[in-house]
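**Q** I'm passing along model-v1.cif; it holds mmCIF, C-alpha atoms.
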data_query
#
loop_
_atom_site.label_atom_id
_atom_site.label_comp_id
_atom_site.auth_asym_id
_atom_site.auth_seq_id
_atom_site.Cartn_x
_atom_site.Cartn_y
_atom_site.Cartn_z
CA MET A 1 -2.87 -1.92 12.44
CA ILE A 2 -3.61 -5.28 10.85
CA ARG A 3 -5.64 -6.84 8.08
CA HIS A 4 -8.60 -8.94 9.20
CA ALA A 5 -8.31 -12.72 9.56
CA ASN A 6 -8.76 -15.34 6.83
CA ARG A 7 -12.01 -15.25 4.88
CA PRO A 8 -13.50 -17.16 1.94
CA GLU A 9 -13.00 -15.82 -1.58
CA ILE A 10 -15.23 -12.90 -2.53
CA SER A 11 -17.35 -13.46 -5.63
CA SER A 12 -16.42 -11.50 -8.74
CA GLY A 13 -18.50 -8.35 -9.09
CA SER A 14 -19.25 -8.17 -5.36
CA TYR A 15 -17.82 -5.89 -2.68
CA GLY A 16 -18.09 -8.80 -0.25
CA ASN A 17 -19.00 -6.70 2.76
CA GLU A 18 -21.13 -9.54 4.09
CA VAL A 19 -18.34 -12.15 3.94
CA LEU A 20 -17.23 -13.23 7.42
CA ILE A 21 -13.95 -14.78 8.51
CA SER A 22 -13.56 -18.53 8.13
CA GLY A 23 -13.01 -21.19 10.78
CA LYS A 24 -9.29 -20.95 10.04
CA GLY A 25 -9.51 -17.19 10.49
CA ILE A 26 -11.20 -17.58 13.87
CA ALA A 27 -8.52 -20.00 15.06
CA ARG A 28 -5.64 -17.84 13.83
CA ALA A 29 -7.12 -14.69 15.38
CA ARG A 30 -7.38 -16.44 18.75
CA VAL A 31 -3.76 -17.61 18.48
CA LEU A 32 -2.67 -14.05 17.74
CA GLY A 33 -4.65 -12.88 20.75
CA ALA A 34 -3.00 -15.49 22.96
CA SER A 35 0.40 -14.10 21.95
CA LEU A 36 -0.73 -10.71 23.31
CA PHE A 37 -1.92 -12.17 26.63
CA GLN A 38 0.66 -10.25 28.69
CA ARG A 39 -0.25 -6.94 27.08
CA THR A 40 -3.26 -4.81 27.91
CA VAL A 41 -5.34 -3.13 25.26
CA ASN A 42 -5.51 0.63 25.15
CA VAL A 43 -8.17 1.10 22.47
CA ALA A 44 -9.56 -1.48 20.04
CA TYR A 45 -10.59 0.07 16.72
CA SER A 46 -12.24 -1.79 13.86
CA SER A 47 -13.61 -1.15 10.43
CA PRO A 48 -17.42 -1.28 10.55
CA ILE A 49 -17.34 -4.28 8.17
CA PRO A 50 -18.41 -7.37 10.18
CA ARG A 51 -15.36 -9.55 9.40
CA CYS A 52 -13.05 -6.91 10.91
CA GLN A 53 -15.15 -6.66 14.05
CA GLN A 54 -15.30 -10.46 14.21
CA THR A 55 -11.49 -10.61 13.93
CA LEU A 56 -11.06 -8.16 16.79
CA THR A 57 -13.56 -10.08 18.93
CA GLU A 58 -11.61 -13.32 18.44
CA ILE A 59 -8.25 -11.63 19.13
CA SER A 60 -9.70 -10.19 22.33
CA SER A 61 -10.98 -13.63 23.32
CA GLY A 62 -7.55 -15.18 22.82
CA ALA A 63 -5.85 -12.39 24.75
CA GLY A 64 -8.36 -12.46 27.60
CA TRP A 65 -9.25 -8.81 27.05
CA ASN A 66 -12.59 -7.39 28.09
CA CYS A 67 -12.74 -4.39 25.80
CA THR A 68 -15.29 -2.44 23.82
CA ILE A 69 -14.72 -2.36 20.08
CA GLN A 70 -14.81 1.16 18.67
CA SER A 71 -15.97 1.29 15.08
CA SER A 72 -14.07 3.73 12.85
CA LYS A 73 -14.93 4.55 9.25
CA LEU A 74 -11.28 5.50 8.77
CA LEU A 75 -10.57 1.76 8.82
CA GLY A 76 -13.22 0.77 6.27
CA ASP A 77 -16.65 1.47 4.82
CA PRO A 78 -15.45 3.72 3.30
CA GLY A 79 -11.95 4.08 4.82
CA PRO A 80 -9.56 7.04 4.74
CA PHE A 81 -9.11 7.24 0.98
CA VAL A 82 -12.68 7.04 -0.37
CA GLN A 83 -14.60 10.30 -0.55
CA ASN A 84 -17.63 9.10 -2.51
CA ALA A 85 -18.25 5.36 -2.35
CA ASP A 86 -20.79 5.42 -5.19
CA ALA A 87 -18.23 7.04 -7.49
CA ALA A 88 -15.22 4.98 -6.37
CA GLY A 89 -16.97 1.61 -6.08
CA PRO A 90 -17.09 0.72 -9.79
CA LEU A 91 -13.31 1.14 -10.06
CA PHE A 92 -12.74 -1.39 -7.26
CA LEU A 93 -15.07 -3.85 -9.00
CA ALA A 94 -13.38 -3.29 -12.37
CA ILE A 95 -9.68 -3.57 -11.46
CA GLY A 96 -9.67 -4.96 -7.91
CA ALA A 97 -8.02 -3.71 -4.74
CA GLN A 98 -4.47 -4.26 -6.00
CA GLY A 99 -5.21 -2.35 -9.18
CA VAL A 100 -6.68 0.56 -7.25
CA VAL A 101 -3.74 0.73 -4.84
CA TYR A 102 -1.27 0.60 -7.73
CA ARG A 103 -2.96 3.62 -9.29
CA GLN A 104 -3.14 5.42 -5.93
CA LEU A 105 0.61 5.07 -5.53
CA ASN A 106 1.54 5.90 -9.13
CA GLU A 107 -0.86 8.62 -10.28
CA THR A 108 -0.62 12.24 -9.12
CA ALA A 109 -4.30 13.09 -9.47
CA ALA A 110 -6.83 11.57 -7.06
CA LEU A 111 -8.87 8.73 -8.53
CA LYS A 112 -12.58 9.23 -9.15
CA GLY A 113 -14.47 9.36 -5.86
CA MET A 114 -11.26 9.23 -3.83
CA LYS A 115 -9.12 11.65 -1.83
CA PRO A 116 -5.47 12.36 -2.60
CA THR A 117 -3.55 9.47 -1.08
CA HIS A 118 -1.45 11.64 1.22
CA LEU A 119 -4.61 12.98 2.89
CA GLY A 120 -5.87 9.48 3.64
CA VAL A 121 -2.50 8.53 5.11
CA GLN A 122 -2.53 11.68 7.24
CA HIS A 123 -6.03 10.87 8.55
CA LEU A 124 -4.85 7.42 9.65
CA LEU A 125 -1.70 8.82 11.27
CA GLU A 126 -3.78 11.36 13.18
CA LEU A 127 -5.95 8.56 14.57
CA ILE A 128 -2.85 6.58 15.57
CA ILE A 129 -0.80 9.44 17.02
CA HIS A 130 -3.63 11.28 18.78
CA THR A 131 -5.10 8.24 20.53
CA PRO A 132 -4.02 8.58 24.20
CA ARG A 133 -1.47 5.95 25.17
CA LYS A 134 -1.13 3.87 28.32
CA GLU A 135 2.10 2.25 29.48
CA ASN A 136 2.53 -1.34 28.24
CA ALA A 137 -0.78 -1.13 26.37
CA ILE A 138 -1.39 -1.41 22.66
CA THR A 139 -3.90 0.29 20.42
CA LEU A 140 -5.12 -2.34 17.97
CA MET A 141 -6.75 -1.47 14.66
CA VAL A 142 -8.30 -3.99 12.28
CA THR A 143 -8.70 -2.89 8.69
CA HIS A 144 -8.58 -4.16 5.08
CA ASP A 145 -5.77 -5.07 2.71
CA ALA A 146 -6.29 -2.14 0.32
CA ILE A 147 -6.14 0.40 3.15
CA LEU A 148 -3.08 -1.16 4.76
CA ALA A 149 -1.29 -1.53 1.41
CA ALA A 150 -1.92 2.07 0.35
CA PHE A 151 -0.85 3.35 3.78
CA ILE A 152 2.40 1.37 3.78
CA GLY A 153 3.14 1.87 0.10
CA PHE A 154 2.77 5.63 0.32
CA LEU A 155 4.72 6.08 3.57
CA LEU A 156 7.61 3.86 2.52
CA GLY A 157 7.58 4.96 -1.11
CA ILE A 158 7.30 1.41 -2.40
CA GLN A 159 5.05 -0.47 -4.79
CA LEU A 160 3.84 -3.66 -3.12
CA ASN A 161 4.27 -6.65 -5.40
CA PRO A 162 1.69 -9.45 -5.12
CA ASP A 163 4.06 -11.44 -2.89
CA GLN A 164 4.41 -8.40 -0.59
CA TRP A 165 0.66 -7.77 -0.39
CA PRO A 166 -0.67 -7.74 3.21
CA ASP A 167 -1.68 -11.26 4.19
CA PHE A 168 -4.50 -12.09 6.59
CA LEU A 169 -3.62 -10.81 10.08
CA GLU A 170 -0.44 -9.17 8.77
CA GLY A 171 0.09 -5.61 9.88
CA THR A 172 2.32 -2.74 10.82
CA VAL A 173 3.37 -1.24 14.14
CA VAL A 174 3.33 2.56 14.16
CA TRP A 175 4.22 4.98 16.93
CA ALA A 176 5.79 8.39 17.59
CA GLU A 177 8.96 8.64 19.67
CA ASN A 178 11.62 11.34 20.06
CA ALA A 179 9.91 13.54 17.46
CA GLU A 180 10.03 10.71 14.90
CA LEU A 181 7.38 8.53 13.33
CA ARG A 182 8.47 4.91 13.58
CA VAL A 183 6.98 2.23 11.39
CA VAL A 184 7.71 -1.51 11.42
CA TRP A 185 6.73 -3.37 8.27
CA GLN A 186 7.70 -6.96 7.49
CA GLY A 187 10.42 -6.96 10.13
CA VAL A 188 12.09 -3.68 9.12
CA LEU A 189 12.03 -0.46 11.18
CA TYR A 190 11.58 2.81 9.28
CA ARG A 191 11.99 6.28 10.82
CA PHE A 192 10.51 9.55 9.60
CA THR A 193 11.04 13.09 10.86
CA ALA A 194 8.35 15.74 10.55
CA GLY A 195 10.32 17.08 7.59
CA ASP A 196 10.29 13.69 5.90
CA LEU A 197 6.52 13.55 6.25
CA GLN A 198 6.06 17.14 5.07
CA SER A 199 7.93 16.25 1.89
CA LYS A 200 5.15 13.69 1.30
CA GLY A 201 2.43 16.28 1.95
CA ILE A 202 1.71 15.09 5.50
CA ASN A 203 1.62 17.62 8.32
CA ILE A 204 1.39 16.10 11.78
CA ASP A 205 2.78 16.93 15.22
CA LEU A 206 5.05 14.09 16.34
CA LYS A 207 5.81 15.52 19.79
#
Written as structure tokens, how would this file's structure read?

**A**
Amino acid sequence: MIRHANRPEISSGSYGNEVLISGKGIARARVLGASLFQRTVNVAYSSPIPRCQQTLTEISSGAGWNCTIQSSKLLGDPGPFVQNADAAGPLFLAIGAQGVVYRQLNETAALKGMKPTHLGVQHLLELIIHTPRKENAITLMVTHDAILAAFIGFLLGIQLNPDQWPDFLEGTVVWAENAELRVVWQGVLYRFTAGDLQSKGINIDLK
């Protein structure tokens, strides 16, 4: 699960849903795809936001994949954490994505218009774990920085500093093996048992 490719700055006071990836983003997405040339794609999921779908198209081009992009609202617009976009939207405009994620990870009560963070993380894990797997194939998901940061921050129990914030095309590898959830983030492997996840309010079958 990765953040979309490079894009121009989003204007203050705008959600920026219409902003596409830049020429640099196109080139970098194709290079990433080329590095996956020897792998086949299992399922290709994308946020409905155009820059995420554009990123996945360019990765597929670089990898030589001929795949259908499946749009998932769990990956954006509104994503796994937003329950009412009209209610939650003003908070994103007021304090930005990093401010929202900070509050998601540090406040017990759900933010206005949003679900409890553990439920959003569980929804994403269910999509990842329950997608049928093929040998030597990857399931690729393209999402947004705020979703990826909240997912990682909650699972790992960390607060992402600005220098740890998900960069363009940065992501995490997540899979279930031997009744464990395994997560790779910034080069480090983390393991979680079902009990570990239950202690975070997440109930999911890892078998």

**Q** Given all atoms listed in the file as the basis, pick out the residue of A:Phe151, A:Ser14, A:Val82, A:Gln122 nearest to Val183 (chain A).

**A** A:Phe151

**Q** Name every residue that the PyMOL selection byres ((chain A and resi 185) around 8) selects in this structure, writing the answer as JSON, numbers by chain with chains first and numbers rising.

**A** {"A": [152, 171, 172, 173, 183, 184, 186, 187, 188, 189, 190]}

**Q** Got a sec to resolve the PyMOL selection byres ((chain A and resi 51-62) around 7) on this structure and send the residues as a list in words?

**A**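 With the shown file as input, the PyMOL selection byres ((chain A and resi 51-62) around 7) matches His4, Ala5, Val19, Leu20, Ile21, Ile26, Ala29, Arg30, Val31, Leu32, Gly33, Ala34, Ser46, Ser47, Pro48, Ile49, Pro50, Ala63, Gly64, Trp65, Val142 and Thr143 of chain A.
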
**Q** Counting all atoms listed in the file, what is within 10 Å of Tyr102 (chain A), bar same-chain residues fewer than 5 positions away, as a PDB file with C-alpha atoms, in the frame of the given file?

**A**
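Resulting contents of out_32.pdb:
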ATOM      1  CA  ALA A  97      -8.020  -3.710  -4.740  1.00  0.00           C
ATOM      2  CA  GLU A 107      -0.860   8.620 -10.280  1.00  0.00           C
ATOM      3  CA  ALA A 146      -6.290  -2.140   0.320  1.00  0.00           C
ATOM      4  CA  ALA A 149      -1.290  -1.530   1.410  1.00  0.00           C
ATOM      5  CA  ALA A 150      -1.920   2.070   0.350  1.00  0.00           C
ATOM      6  CA  GLY A 153       3.140   1.870   0.100  1.00  0.00           C
ATOM      7  CA  GLN A 159       5.050  -0.470  -4.790  1.00  0.00           C
ATOM      8  CA  LEU A 160       3.840  -3.660  -3.120  1.00  0.00           C
ATOM      9  CA  ASN A 161       4.270  -6.650  -5.400  1.00  0.00           C
TER      10      ASN A 161
END

**Q** Could you check the closest approach to Glu170 (chain A) for each of A:Asn6, A:Asn136, A:Ser22, A:Asn106 and tell me which residue wins, using only C-alpha atoms?

**A** A:Asn6

**Q** If you measure from CA of Gly89 (chain A) to CA of Asn17 (chain A), what distance in Å do you get, rounded to one decimal?

**A**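 Going from CA of Gly89 (chain A) over to CA of Asn17 (chain A), I get 12.3 Å.
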
**Q** Would you kindly identify which residues have an atom no farther than 12 Å from (11.8, 15.4, 11.5), using only C-alpha atoms and the file's own coordinates, and write them out as number ranges by chain?

**A** A: 176-182, 191-199, 202-207

**Q** Please produce an output containing C-alpha atoms for each residue in the selection, written as a PDB file, in the frame of the given file.

**A**
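Contents of part_7.pdb, freshly written:
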ATOM      1  CA  ALA A 176       5.790   8.390  17.590  1.00  0.00           C
ATOM      2  CA  GLU A 177       8.960   8.640  19.670  1.00  0.00           C
ATOM      3  CA  ASN A 178      11.620  11.340  20.060  1.00  0.00           C
ATOM      4  CA  ALA A 179       9.910  13.540  17.460  1.00  0.00           C
ATOM      5  CA  GLU A 180      10.030  10.710  14.900  1.00  0.00           C
ATOM      6  CA  LEU A 181       7.380   8.530  13.330  1.00  0.00           C
ATOM      7  CA  ARG A 182       8.470   4.910  13.580  1.00  0.00           C
ATOM      8  CA  ARG A 191      11.990   6.280  10.820  1.00  0.00           C
ATOM      9  CA  PHE A 192      10.510   9.550   9.600  1.00  0.00           C
ATOM     10  CA  THR A 193      11.040  13.090  10.860  1.00  0.00           C
ATOM     11  CA  ALA A 194       8.350  15.740  10.550  1.00  0.00           C
ATOM     12  CA  GLY A 195      10.320  17.080   7.590  1.00  0.00           C
ATOM     13  CA  ASP A 196      10.290  13.690   5.900  1.00  0.00           C
ATOM     14  CA  LEU A 197       6.520  13.550   6.250  1.00  0.00           C
ATOM     15  CA  GLN A 198       6.060  17.140   5.070  1.00  0.00           C
ATOM     16  CA  SER A 199       7.930  16.250   1.890  1.00  0.00           C
ATOM     17  CA  ILE A 202       1.710  15.090   5.500  1.00  0.00           C
ATOM     18  CA  ASN A 203       1.620  17.620   8.320  1.00  0.00           C
ATOM     19  CA  ILE A 204       1.390  16.100  11.780  1.00  0.00           C
ATOM     20  CA  ASP A 205       2.780  16.930  15.220  1.00  0.00           C
ATOM     21  CA  LEU A 206       5.050  14.090  16.340  1.00  0.00           C
ATOM     22  CA  LYS A 207       5.810  15.520  19.790  1.00  0.00           C
TER      23      LYS A 207
END

**Q** Using the chain letters and numbers from this file, what does the PyMOL selection byres ((chain A and resi 87) around 12) select? Give the answer as a list in words.

**A**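 Evaluating the PyMOL selection byres ((chain A and resi 87) around 12) on this file yields Pro78, Val82, Gln83, Asn84, Ala85, Asp86, Ala88, Gly89, Pro90, Leu91, Phe92, Leu93, Leu111, Lys112, Gly113, Met114 and Lys115 of chain A.
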
**Q** Counting all atoms listed in the file, what is within 8 Å of Val41 (chain A), bar same-chain residues fewer than 2 positions away, as a PyMOL selection string?

**A** chain A and resi 39+43-44+65+67+137-140

**Q** How many Å lie between CA of Ile69 (chain A) and CA of His130 (chain A), rounded to one decimal?

**A** 17.6 Å

**Q** Measure the distance from CA of Leu156 (chain A) to CA of Phe81 (chain A) in Å and round it to one decimal.

**A**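 Interatomic distance here is 17.1 Å.
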
**Q** Out of A:Gly79, A:Pro162, A:Gly13, A:Gly23, which residue has the shortest atom-to-atom distance to His123 (chain A) when counting all atoms listed in the file?

**A**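 Of the candidates, the smallest distance to His123 (chain A) is held by A:Gly79.
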
**Q** Counting all atoms listed in the file, what is within 9 Å of Pro132 (chain A), bar same-chain residues fewer than 3 positions away, as a PDB file with C-alpha atoms, in the frame of the given file?

**A**
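Okay, this is what ended up in selection.pdb:
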ATOM      1  CA  ASN A  42      -5.510   0.630  25.150  1.00  0.00           C
ATOM      2  CA  VAL A  43      -8.170   1.100  22.470  1.00  0.00           C
ATOM      3  CA  ILE A 128      -2.850   6.580  15.570  1.00  0.00           C
ATOM      4  CA  ILE A 129      -0.800   9.440  17.020  1.00  0.00           C
TER       5      ILE A 129
END

**Q** Leaving out Pro80 (chain A) and any residue of its chain fewer than 6 positions from it, which residues lie within 8 Å of it when counting all atoms listed in the file, given as a compact mmCIF listing (two decimals) with C-alpha atoms, in the coordinates of the input?

**A**
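Just written: result-v3.txt:
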# COMPACT_ATOMS: atom_id res chain seq x y z
CA LYS A 73 -14.93 4.55 9.25
CA LEU A 74 -11.28 5.50 8.77
CA LEU A 119 -4.61 12.98 2.89
CA GLY A 120 -5.87 9.48 3.64
CA VAL A 121 -2.50 8.53 5.11
CA HIS A 123 -6.03 10.87 8.55
CA LEU A 124 -4.85 7.42 9.65
CA ILE A 147 -6.14 0.40 3.15

**Q** Considering all atoms listed in the file, can you say which of A:Met1, A:Gly157, A:Tyr15, A:Glu9 comes closest to Gly96 (chain A)?

**A**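 When distances to Gly96 (chain A) are compared using all atoms listed in the file, the smallest one comes from A:Tyr15.
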
**Q** Rebuild region 184-201 of chain A so that it carries N, CA and C atoms, then output the result as a PDB file, in the coordinates of the input.

**A**
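Saved result, selection.pdb, follows:
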ATOM      1  N   VAL A 184       7.148  -0.177  11.664  1.00  0.00           N
ATOM      2  CA  VAL A 184       7.710  -1.510  11.420  1.00  0.00           C
ATOM      3  C   VAL A 184       6.834  -2.214  10.396  1.00  0.00           C
ATOM      4  N   TRP A 185       7.456  -2.637   9.313  1.00  0.00           N
ATOM      5  CA  TRP A 185       6.730  -3.370   8.270  1.00  0.00           C
ATOM      6  C   TRP A 185       7.587  -4.544   7.812  1.00  0.00           C
ATOM      7  N   GLN A 186       7.039  -5.727   7.897  1.00  0.00           N
ATOM      8  CA  GLN A 186       7.700  -6.960   7.490  1.00  0.00           C
ATOM      9  C   GLN A 186       9.106  -7.065   8.078  1.00  0.00           C
ATOM     10  N   GLY A 187       9.189  -6.761   9.377  1.00  0.00           N
ATOM     11  CA  GLY A 187      10.420  -6.960  10.130  1.00  0.00           C
ATOM     12  C   GLY A 187      11.448  -5.852  10.025  1.00  0.00           C
ATOM     13  N   VAL A 188      11.142  -4.778   9.307  1.00  0.00           N
ATOM     14  CA  VAL A 188      12.090  -3.680   9.120  1.00  0.00           C
ATOM     15  C   VAL A 188      11.545  -2.418   9.786  1.00  0.00           C
ATOM     16  N   LEU A 189      12.405  -1.713  10.526  1.00  0.00           N
ATOM     17  CA  LEU A 189      12.030  -0.460  11.180  1.00  0.00           C
ATOM     18  C   LEU A 189      12.378   0.715  10.284  1.00  0.00           C
ATOM     19  N   TYR A 190      11.394   1.584  10.065  1.00  0.00           N
ATOM     20  CA  TYR A 190      11.580   2.810   9.280  1.00  0.00           C
ATOM     21  C   TYR A 190      11.339   4.003  10.201  1.00  0.00           C
ATOM     22  N   ARG A 191      12.119   5.073  10.006  1.00  0.00           N
ATOM     23  CA  ARG A 191      11.990   6.280  10.820  1.00  0.00           C
ATOM     24  C   ARG A 191      11.735   7.485   9.912  1.00  0.00           C
ATOM     25  N   PHE A 192      10.835   8.349  10.361  1.00  0.00           N
ATOM     26  CA  PHE A 192      10.510   9.550   9.600  1.00  0.00           C
ATOM     27  C   PHE A 192      10.483  10.753  10.532  1.00  0.00           C
ATOM     28  N   THR A 193      11.159  11.832  10.137  1.00  0.00           N
ATOM     29  CA  THR A 193      11.040  13.090  10.860  1.00  0.00           C
ATOM     30  C   THR A 193       9.817  13.833  10.339  1.00  0.00           C
ATOM     31  N   ALA A 194       9.458  14.917  11.029  1.00  0.00           N
ATOM     32  CA  ALA A 194       8.350  15.740  10.550  1.00  0.00           C
ATOM     33  C   ALA A 194       8.649  16.270   9.154  1.00  0.00           C
ATOM     34  N   GLY A 195       9.924  16.605   8.911  1.00  0.00           N
ATOM     35  CA  GLY A 195      10.320  17.080   7.590  1.00  0.00           C
ATOM     36  C   GLY A 195      10.150  16.024   6.512  1.00  0.00           C
ATOM     37  N   ASP A 196      10.486  14.787   6.848  1.00  0.00           N
ATOM     38  CA  ASP A 196      10.290  13.690   5.900  1.00  0.00           C
ATOM     39  C   ASP A 196       8.815  13.568   5.513  1.00  0.00           C
ATOM     40  N   LEU A 197       7.951  13.678   6.514  1.00  0.00           N
ATOM     41  CA  LEU A 197       6.520  13.550   6.250  1.00  0.00           C
ATOM     42  C   LEU A 197       5.993  14.750   5.471  1.00  0.00           C
ATOM     43  N   GLN A 198       6.489  15.947   5.800  1.00  0.00           N
ATOM     44  CA  GLN A 198       6.060  17.140   5.070  1.00  0.00           C
ATOM     45  C   GLN A 198       6.412  17.040   3.592  1.00  0.00           C
ATOM     46  N   SER A 199       7.536  16.412   3.294  1.00  0.00           N
ATOM     47  CA  SER A 199       7.930  16.250   1.890  1.00  0.00           C
ATOM     48  C   SER A 199       6.954  15.339   1.142  1.00  0.00           C
ATOM     49  N   LYS A 200       6.174  14.558   1.888  1.00  0.00           N
ATOM     50  CA  LYS A 200       5.150  13.690   1.300  1.00  0.00           C
ATOM     51  C   LYS A 200       3.766  14.332   1.360  1.00  0.00           C
ATOM     52  N   GLY A 201       3.704  15.584   1.850  1.00  0.00           N
ATOM     53  CA  GLY A 201       2.430  16.280   1.950  1.00  0.00           C
ATOM     54  C   GLY A 201       1.676  16.030   3.232  1.00  0.00           C
TER      55      GLY A 201
END
